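Structure, as structure tokens:
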Amino acid sequence: MLNDIYNKRIIELAGNIPRLGRLPAPDASATAHSKLCGSTVKIDLAMDGDVVTDFAHDVKACALGQASSSIMASHVVGSTADELRALRETVRKMLKENGAPPSDEKWADIALLEPVRDYKARHASTLLTFDAVVDAIGQIEAKSNAGASQPTPA
């Protein structure tokens, strides 16, 4: 039943999204959009090396997209690029392949999204924030690698 996915805690997360807005000078920005439901998440990310130092987002999504964005915003600062890539893959598998939710205590609230696996039409909106963050990390790494391969002027 849809009541399983729109439980009290999901509604609380959706109604209390931290870090709303945009960063003044992000290292990268990314947008993820679901054609199916029209939900959109725009994120700004700042990193020092492979660690997230700042994050902001503009969330125009259903309650599930809002809840997953809320979870991301609560824990993304201090996370590493590899951790966030693995998290996105874990959530994708949890929804699409009956995988387990993250075992890391930090991301424990993602287990609240587990019932979404039974509603394929809701997968895209639930994954938006994870996809956007991984996209932004890729952009930052590409810029960093491009800069590293440039010869230093003499």
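Chain labels follow the order of the structure tokens: the first chain is A, the next B, and so on; residue numbering restarts at 1 in every chain, and ligands are counted from 1 in their shown order.
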Neighbour list for Asn98 in chain A as an MDAnalysis selection string, cut-off 12 Å, only C-alpha atoms, skip fewer than 6 positions in-chain: chainID A and resid 90:92 114:118
In range 56-115 of chain A, DSSP strand (DSSP E) residues written as number ranges by chain: A: 56-60
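Nearest to Val41 in chain A of all the residues A:Leu20, A:Ala14, A:Leu128, A:Ala28 is A:Leu128, counting only C-alpha atoms.
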Residues of range 2-36 of chain A that have any atom at most 10 Å from an atom of range 46-51 of chain A: could you tabulate them with the shortest-distance atom pair and the distance in Å to one decimal, using only C-alpha atoms, ordered by chain and increasing number, as a tab-separated table?
```
residue	atom	partner	partner_atom	distance
A:Leu23	CA	A:Ala46	CA	8.4
A:Ala25	CA	A:Ala46	CA	8.1
A:Pro26	CA	A:Ala46	CA	5.1
A:Asp27	CA	A:Ala46	CA	4.8
A:Ala28	CA	A:Ala46	CA	6.8
A:Ser29	CA	A:Ala46	CA	9.0
```
DSSP helix (DSSP H, G or I) selection over range 54-88 of chain A, as a PyMOL selection string: chain A and resi 63-75+81-88
Non-local contacts of Gly21 in chain A (12 Å; only C-alpha atoms; under 6 positions in same chain excluded) as a PyMOL selection string: chain A and resi 41-45+54-60+73
Restrict the selected residues to C-alpha atoms and save them as a PDB file, in the first residue's frame.
```
ATOM      1  CA  VAL A  41      16.660  18.199  -7.772  1.00  0.00           C
ATOM      2  CA  LYS A  42      19.445  20.746  -8.358  1.00  0.00           C
ATOM      3  CA  ILE A  43      22.476  20.414  -6.123  1.00  0.00           C
ATOM      4  CA  ASP A  44      25.597  22.490  -5.490  1.00  0.00           C
ATOM      5  CA  LEU A  45      28.674  20.781  -4.111  1.00  0.00           C
ATOM      6  CA  ASP A  54      29.585  22.160   1.573  1.00  0.00           C
ATOM      7  CA  PHE A  55      26.265  21.302  -0.041  1.00  0.00           C
ATOM      8  CA  ALA A  56      23.031  23.026  -0.954  1.00  0.00           C
ATOM      9  CA  HIS A  57      20.056  22.007  -3.044  1.00  0.00           C
ATOM     10  CA  ASP A  58      16.846  23.162  -4.646  1.00  0.00           C
ATOM     11  CA  VAL A  59      14.261  20.379  -4.405  1.00  0.00           C
ATOM     12  CA  LYS A  60      11.095  20.392  -6.503  1.00  0.00           C
ATOM     13  CA  ALA A  73      21.629  16.932   3.040  1.00  0.00           C
TER      14      ALA A  73
END
```
